[in-house]
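A quick write-up on the structure given underneath.
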Amino acid sequence: PTEPGGYYHDYFCPEHGVELDFDPAAPHRHICPVDNVTWQGERFDAAWRWFVNNRLAESAIRLALLWRLEGNPAHLEPVIRTLTGYAEQYATYQQTPRTVGNPGVATYTTLDESVWVLPLAWAFEIVRDELAPSQQRLIQEQWLLPVAEHLIQHHFGGIHNFACWHNAAIGTLGVVLGRDDLIDFALHSDFGCDQQLSQGVLADGLWFEGSFSYHFYTLYALLTLAKATRHLPAHDLRVRPELQLMLLAPIRSAYPDGSLPATNDCWYFTSTLADCCHGVPPAPAFYEIGYAWFDEAAFGQTLQRAYQQTSRD
């Protein structure tokens, strides 16, 4: 997009409170699925660009992985186009003023910026060797490093899911860029991952914000950082007991059907066997990681139950 994205929560019908239908071919027409009324205006257009950024980021990592598996150049070309396109646009995004307290650049907030850049950073790592040196420099110097610097400048000063996503993005970018200082900041700064785990995870393994949606949302950020640093012996987060405890806590708290109480600011559909939160994979994806990393039978049992209801992806 030639302009930065807006606020995801603006893409809801003001009359019915439901998410509008996203049409990638209709940047100025946003239809309510309840009564088919079309909503227009910059607030909706900007929120529509949130969906575009999300779609491009997810497509980039999926296509990069598909290219790695199959070697089809038709899958590689759009990844390169996406990465170089964002690198070329990022400086123009910086010219858009933001009034929100935690301003993003390509996106509305630093939380969005973190979630958006992570799959793109992974995609870059996967296809890096196929890029010309000039393309690599463009992507690293004009885009990925400025994103990391912006997130450090606006780092969330507290124990919070925002800070965990900031840390995940900064640490992952540190791995991709070969910058130990970024990795160290993500893990060991005042509100780095070490402090988030020590202070934010309660004795029973639940994230302190008191919502199972935020529990899974935060846990995904922590697992993402753990995946990025797992090959660095000095920074392997899998040795921290909190990660395994956080995976166990929802299982221990679930109703017999696997569903979880919708406490506090929580999506009503949260479950250990299916969807668990907006913006993260379904719960079985968490327990695939947990079952691979930790010697915990409950994770395998949860996966068995989940795959009795739906096929394994």
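Labels for the structure tokens follow display order: chains A, B, ..., residues from 1 in each chain, ligands from 1.
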Discussion item. Could you list, as a list in words, every residue within 8 Å of stretch 227-238 of chain A, counting only C-alpha atoms and ignoring same-chain residues fewer than 5 positions away?
Written reply: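 Using only C-alpha atoms, the neighbours found are Gly171, Thr172, Val175, Leu187, Leu243 and Trp293 of chain A.
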Report as JSON lines: every residue of stretch 65-142 of chain A with an atom at most 12 Å from stretch 266-284 of chain A, its closest pair of atoms, and their distance in Å to one decimal, counting only C-alpha atoms, with rows sorted by chain and ascending residue number.
```
{"residue": "A:Leu111", "atom": "CA", "partner": "A:Gly279", "partner_atom": "CA", "distance": 11.6}
{"residue": "A:Asp112", "atom": "CA", "partner": "A:Gly279", "partner_atom": "CA", "distance": 10.4}
{"residue": "A:Val115", "atom": "CA", "partner": "A:Gly279", "partner_atom": "CA", "distance": 8.8}
{"residue": "A:Trp116", "atom": "CA", "partner": "A:Gly279", "partner_atom": "CA", "distance": 10.6}
```
Just-selected residues, all heavy atoms written as an mmCIF file, in the first residue's frame:
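This went into result06.cif:
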```
data_model
loop_
_atom_site.group_PDB
_atom_site.id
_atom_site.type_symbol
_atom_site.label_atom_id
_atom_site.label_comp_id
_atom_site.auth_asym_id
_atom_site.auth_seq_id
_atom_site.Cartn_x
_atom_site.Cartn_y
_atom_site.Cartn_z
ATOM 1 N N LEU A 111 2.084 -2.360 18.371
ATOM 2 C CA LEU A 111 1.652 -3.752 18.472
ATOM 3 C C LEU A 111 1.416 -4.321 17.078
ATOM 4 O O LEU A 111 1.899 -5.407 16.743
ATOM 5 C CB LEU A 111 0.382 -3.852 19.317
ATOM 6 C CG LEU A 111 -0.244 -5.252 19.413
ATOM 7 C CD1 LEU A 111 0.714 -6.233 20.061
ATOM 8 C CD2 LEU A 111 -1.563 -5.195 20.173
ATOM 9 N N ASP A 112 0.661 -3.587 16.261
ATOM 10 C CA ASP A 112 0.430 -4.017 14.878
ATOM 11 C C ASP A 112 1.748 -4.141 14.114
ATOM 12 O O ASP A 112 1.941 -5.078 13.332
ATOM 13 C CB ASP A 112 -0.469 -3.019 14.152
ATOM 14 C CG ASP A 112 -1.888 -3.012 14.673
ATOM 15 O OD1 ASP A 112 -2.319 -4.017 15.249
ATOM 16 O OD2 ASP A 112 -2.576 -1.978 14.497
ATOM 17 N N VAL A 115 3.470 -7.450 15.082
ATOM 18 C CA VAL A 115 2.803 -8.636 14.528
ATOM 19 C C VAL A 115 3.004 -8.706 13.015
ATOM 20 O O VAL A 115 3.213 -9.786 12.454
ATOM 21 C CB VAL A 115 1.308 -8.609 14.889
ATOM 22 C CG1 VAL A 115 0.569 -9.767 14.229
ATOM 23 C CG2 VAL A 115 1.120 -8.662 16.410
ATOM 24 N N TRP A 116 2.958 -7.558 12.364
ATOM 25 C CA TRP A 116 3.085 -7.488 10.899
ATOM 26 C C TRP A 116 4.485 -7.867 10.434
ATOM 27 O O TRP A 116 4.653 -8.611 9.456
ATOM 28 C CB TRP A 116 2.737 -6.070 10.453
ATOM 29 C CG TRP A 116 3.187 -5.663 9.096
ATOM 30 C CD1 TRP A 116 2.651 -6.047 7.899
ATOM 31 C CD2 TRP A 116 4.263 -4.761 8.788
ATOM 32 N NE1 TRP A 116 3.335 -5.430 6.856
ATOM 33 C CE2 TRP A 116 4.322 -4.647 7.388
ATOM 34 C CE3 TRP A 116 5.170 -4.034 9.559
ATOM 35 C CZ2 TRP A 116 5.265 -3.841 6.741
ATOM 36 C CZ3 TRP A 116 6.103 -3.235 8.926
ATOM 37 C CH2 TRP A 116 6.143 -3.147 7.529
#
```
Fill in: Nearby residues (only C-alpha atoms) at most 10 Å from stretch 85-93 of chain A, same-chain spacing under 2 positions excluded, as number ranges by chain
A: 1-5, 53, 79-83, 95-97, 104-107, 120, 135-144, 146-147
Worksheet item: Which one is closest to A:Ala46: A:Pro256, A:Trp67, A:Tyr11, A:His75? Count only C-alpha atoms.
Response: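 Among the listed residues, the smallest separation from A:Ala46 belongs to A:Tyr11.
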Practice prompt. Run DSSP on the backbone and grab whatever in stretch 76-255 of chain A lands in alpha helix (DSSP H); send it over as a ChimeraX atom specification.
Written response: /A:76-93,110-127,133-139,145-153,161-177,180-188,193-200,212-229,241-253
Worksheet entry | Residues within 8 Å of A:Phe22, only C-alpha atoms, excluding chain neighbours under 4 positions, as a ChimeraX atom specification | /A:30-31,48,51
As a short mmCIF file (atom, residue, chain, number, x, y, z; two decimals) with C-alpha atoms, in the first residue's frame, please: the residues near A:Ile61 (cut-off 7 Å, only C-alpha atoms, same-chain neighbours under 3 positions excluded).
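Result written to selection01.cif:
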```
data_model
loop_
_atom_site.label_atom_id
_atom_site.label_comp_id
_atom_site.auth_asym_id
_atom_site.auth_seq_id
_atom_site.Cartn_x
_atom_site.Cartn_y
_atom_site.Cartn_z
CA ALA A 57 2.63 -10.66 5.53
CA GLU A 58 0.89 -14.01 5.90
CA ALA A 64 8.36 -18.51 1.02
CA LEU A 65 7.85 -21.81 2.81
CA PRO A 119 6.26 -13.23 9.27
CA LEU A 120 7.94 -10.86 6.81
CA TRP A 122 10.92 -15.00 8.54
CA ALA A 123 10.09 -14.80 4.83
#
```
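Across the model, the gap from atom CA of A:Tyr108 to atom CA of A:Gly6 is 4.9 Å.
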Practice prompt. Would you mind listing what lies within 12 Å of A:Ala306 as a list in words, with only C-alpha atoms counted and same-chain residues fewer than 2 positions away left out?
Written response: Asp257, Gly258, Ser259, Ser271, Thr272, Leu273, Ala274, Asp275, Pro282, Ala283, Pro284, Ala285, Phe286, Tyr287, Glu288, Phe299, Gly300, Gln301, Thr302, Leu303, Gln304, Gln308, Gln309, Thr310, Ser311, Arg312 and Asp313 of chain A
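Taking atom CA of A:Asn36 and atom CA of A:Arg49 as endpoints, the distance between them is 20.5 Å.
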Practice prompt. Could you check which of A:Cys193, A:Val117, A:Leu131, A:Cys164 is closest to A:Leu145, using only C-alpha atoms?
Written response: A:Val117
Worksheet item: Can you list, as a list in words, every protein, DNA or RNA residue that comes within 9 Å of A:Ala249 when you count only C-alpha atoms, leaving out same-chain residues fewer than 3 positions away?
Response: Asp204, Gly205, Leu206, Gln244, Leu245, Met246, Arg252, Ser253 and Ala254 of chain A
Next, the residues of the selection above should be written as a PDB file, in the first residue's frame with all heavy atoms.
```pdb
ATOM      1  N   ASP A 204       0.318 -20.357  38.844  1.00  0.00           N
ATOM      2  CA  ASP A 204      -0.448 -21.435  38.200  1.00  0.00           C
ATOM      3  C   ASP A 204      -0.232 -21.483  36.694  1.00  0.00           C
ATOM      4  O   ASP A 204      -0.861 -22.280  36.001  1.00  0.00           O
ATOM      5  CB  ASP A 204      -1.936 -21.285  38.506  1.00  0.00           C
ATOM      6  CG  ASP A 204      -2.504 -19.937  38.077  1.00  0.00           C
ATOM      7  OD1 ASP A 204      -1.768 -19.156  37.437  1.00  0.00           O
ATOM      8  OD2 ASP A 204      -3.670 -19.658  38.395  1.00  0.00           O
ATOM      9  N   GLY A 205       0.650 -20.611  36.173  1.00  0.00           N
ATOM     10  CA  GLY A 205       0.950 -20.609  34.751  1.00  0.00           C
ATOM     11  C   GLY A 205       0.104 -19.669  33.926  1.00  0.00           C
ATOM     12  O   GLY A 205       0.319 -19.549  32.718  1.00  0.00           O
ATOM     13  N   LEU A 206      -0.853 -18.977  34.542  1.00  0.00           N
ATOM     14  CA  LEU A 206      -1.717 -18.058  33.796  1.00  0.00           C
ATOM     15  C   LEU A 206      -1.048 -16.688  33.663  1.00  0.00           C
ATOM     16  O   LEU A 206      -0.403 -16.201  34.589  1.00  0.00           O
ATOM     17  CB  LEU A 206      -3.066 -17.904  34.499  1.00  0.00           C
ATOM     18  CG  LEU A 206      -3.993 -19.115  34.405  1.00  0.00           C
ATOM     19  CD1 LEU A 206      -5.236 -18.901  35.268  1.00  0.00           C
ATOM     20  CD2 LEU A 206      -4.407 -19.360  32.959  1.00  0.00           C
ATOM     21  N   GLN A 244       6.295 -23.882  29.521  1.00  0.00           N
ATOM     22  CA  GLN A 244       5.550 -25.125  29.679  1.00  0.00           C
ATOM     23  C   GLN A 244       4.350 -24.925  30.596  1.00  0.00           C
ATOM     24  O   GLN A 244       3.258 -25.446  30.337  1.00  0.00           O
ATOM     25  CB  GLN A 244       6.461 -26.218  30.232  1.00  0.00           C
ATOM     26  CG  GLN A 244       5.797 -27.596  30.274  1.00  0.00           C
ATOM     27  CD  GLN A 244       6.780 -28.698  30.614  1.00  0.00           C
ATOM     28  OE1 GLN A 244       7.980 -28.455  30.723  1.00  0.00           O
ATOM     29  NE2 GLN A 244       6.282 -29.908  30.791  1.00  0.00           N
ATOM     30  N   LEU A 245       4.535 -24.139  31.655  1.00  0.00           N
ATOM     31  CA  LEU A 245       3.421 -23.850  32.571  1.00  0.00           C
ATOM     32  C   LEU A 245       2.298 -23.097  31.867  1.00  0.00           C
ATOM     33  O   LEU A 245       1.123 -23.355  32.104  1.00  0.00           O
ATOM     34  CB  LEU A 245       3.924 -23.040  33.762  1.00  0.00           C
ATOM     35  CG  LEU A 245       4.541 -23.811  34.930  1.00  0.00           C
ATOM     36  CD1 LEU A 245       5.082 -22.841  35.968  1.00  0.00           C
ATOM     37  CD2 LEU A 245       3.516 -24.755  35.553  1.00  0.00           C
ATOM     38  N   MET A 246       2.672 -22.155  30.978  1.00  0.00           N
ATOM     39  CA  MET A 246       1.654 -21.383  30.259  1.00  0.00           C
ATOM     40  C   MET A 246       0.853 -22.267  29.304  1.00  0.00           C
ATOM     41  O   MET A 246      -0.330 -22.019  29.066  1.00  0.00           O
ATOM     42  CB  MET A 246       2.299 -20.224  29.502  1.00  0.00           C
ATOM     43  CG  MET A 246       2.797 -19.102  30.392  1.00  0.00           C
ATOM     44  SD  MET A 246       3.436 -17.696  29.442  1.00  0.00           S
ATOM     45  CE  MET A 246       1.891 -16.919  28.922  1.00  0.00           C
ATOM     46  N   ARG A 252      -5.611 -27.184  32.231  1.00  0.00           N
ATOM     47  CA  ARG A 252      -6.059 -27.386  33.606  1.00  0.00           C
ATOM     48  C   ARG A 252      -7.289 -26.555  33.950  1.00  0.00           C
ATOM     49  O   ARG A 252      -7.977 -26.841  34.931  1.00  0.00           O
ATOM     50  CB  ARG A 252      -4.925 -27.048  34.562  1.00  0.00           C
ATOM     51  CG  ARG A 252      -3.760 -28.028  34.483  1.00  0.00           C
ATOM     52  CD  ARG A 252      -2.556 -27.528  35.256  1.00  0.00           C
ATOM     53  NE  ARG A 252      -1.517 -28.564  35.364  1.00  0.00           N
ATOM     54  CZ  ARG A 252      -0.294 -28.330  35.821  1.00  0.00           C
ATOM     55  NH1 ARG A 252       0.070 -27.107  36.193  1.00  0.00           N
ATOM     56  NH2 ARG A 252       0.579 -29.323  35.893  1.00  0.00           N
ATOM     57  N   SER A 253      -7.569 -25.526  33.151  1.00  0.00           N
ATOM     58  CA  SER A 253      -8.682 -24.621  33.440  1.00  0.00           C
ATOM     59  C   SER A 253      -9.905 -24.866  32.567  1.00  0.00           C
ATOM     60  O   SER A 253     -10.942 -24.225  32.764  1.00  0.00           O
ATOM     61  CB  SER A 253      -8.226 -23.169  33.236  1.00  0.00           C
ATOM     62  OG  SER A 253      -7.080 -22.876  33.995  1.00  0.00           O
ATOM     63  N   ALA A 254      -9.799 -25.768  31.597  1.00  0.00           N
ATOM     64  CA  ALA A 254     -10.853 -25.923  30.587  1.00  0.00           C
ATOM     65  C   ALA A 254     -12.064 -26.660  31.130  1.00  0.00           C
ATOM     66  O   ALA A 254     -11.970 -27.488  32.047  1.00  0.00           O
ATOM     67  CB  ALA A 254     -10.300 -26.659  29.373  1.00  0.00           C
TER      68      ALA A 254
END
```
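We find atom CA of A:Asp295 and atom CA of A:Gly200 to be spaced 23.7 Å apart.
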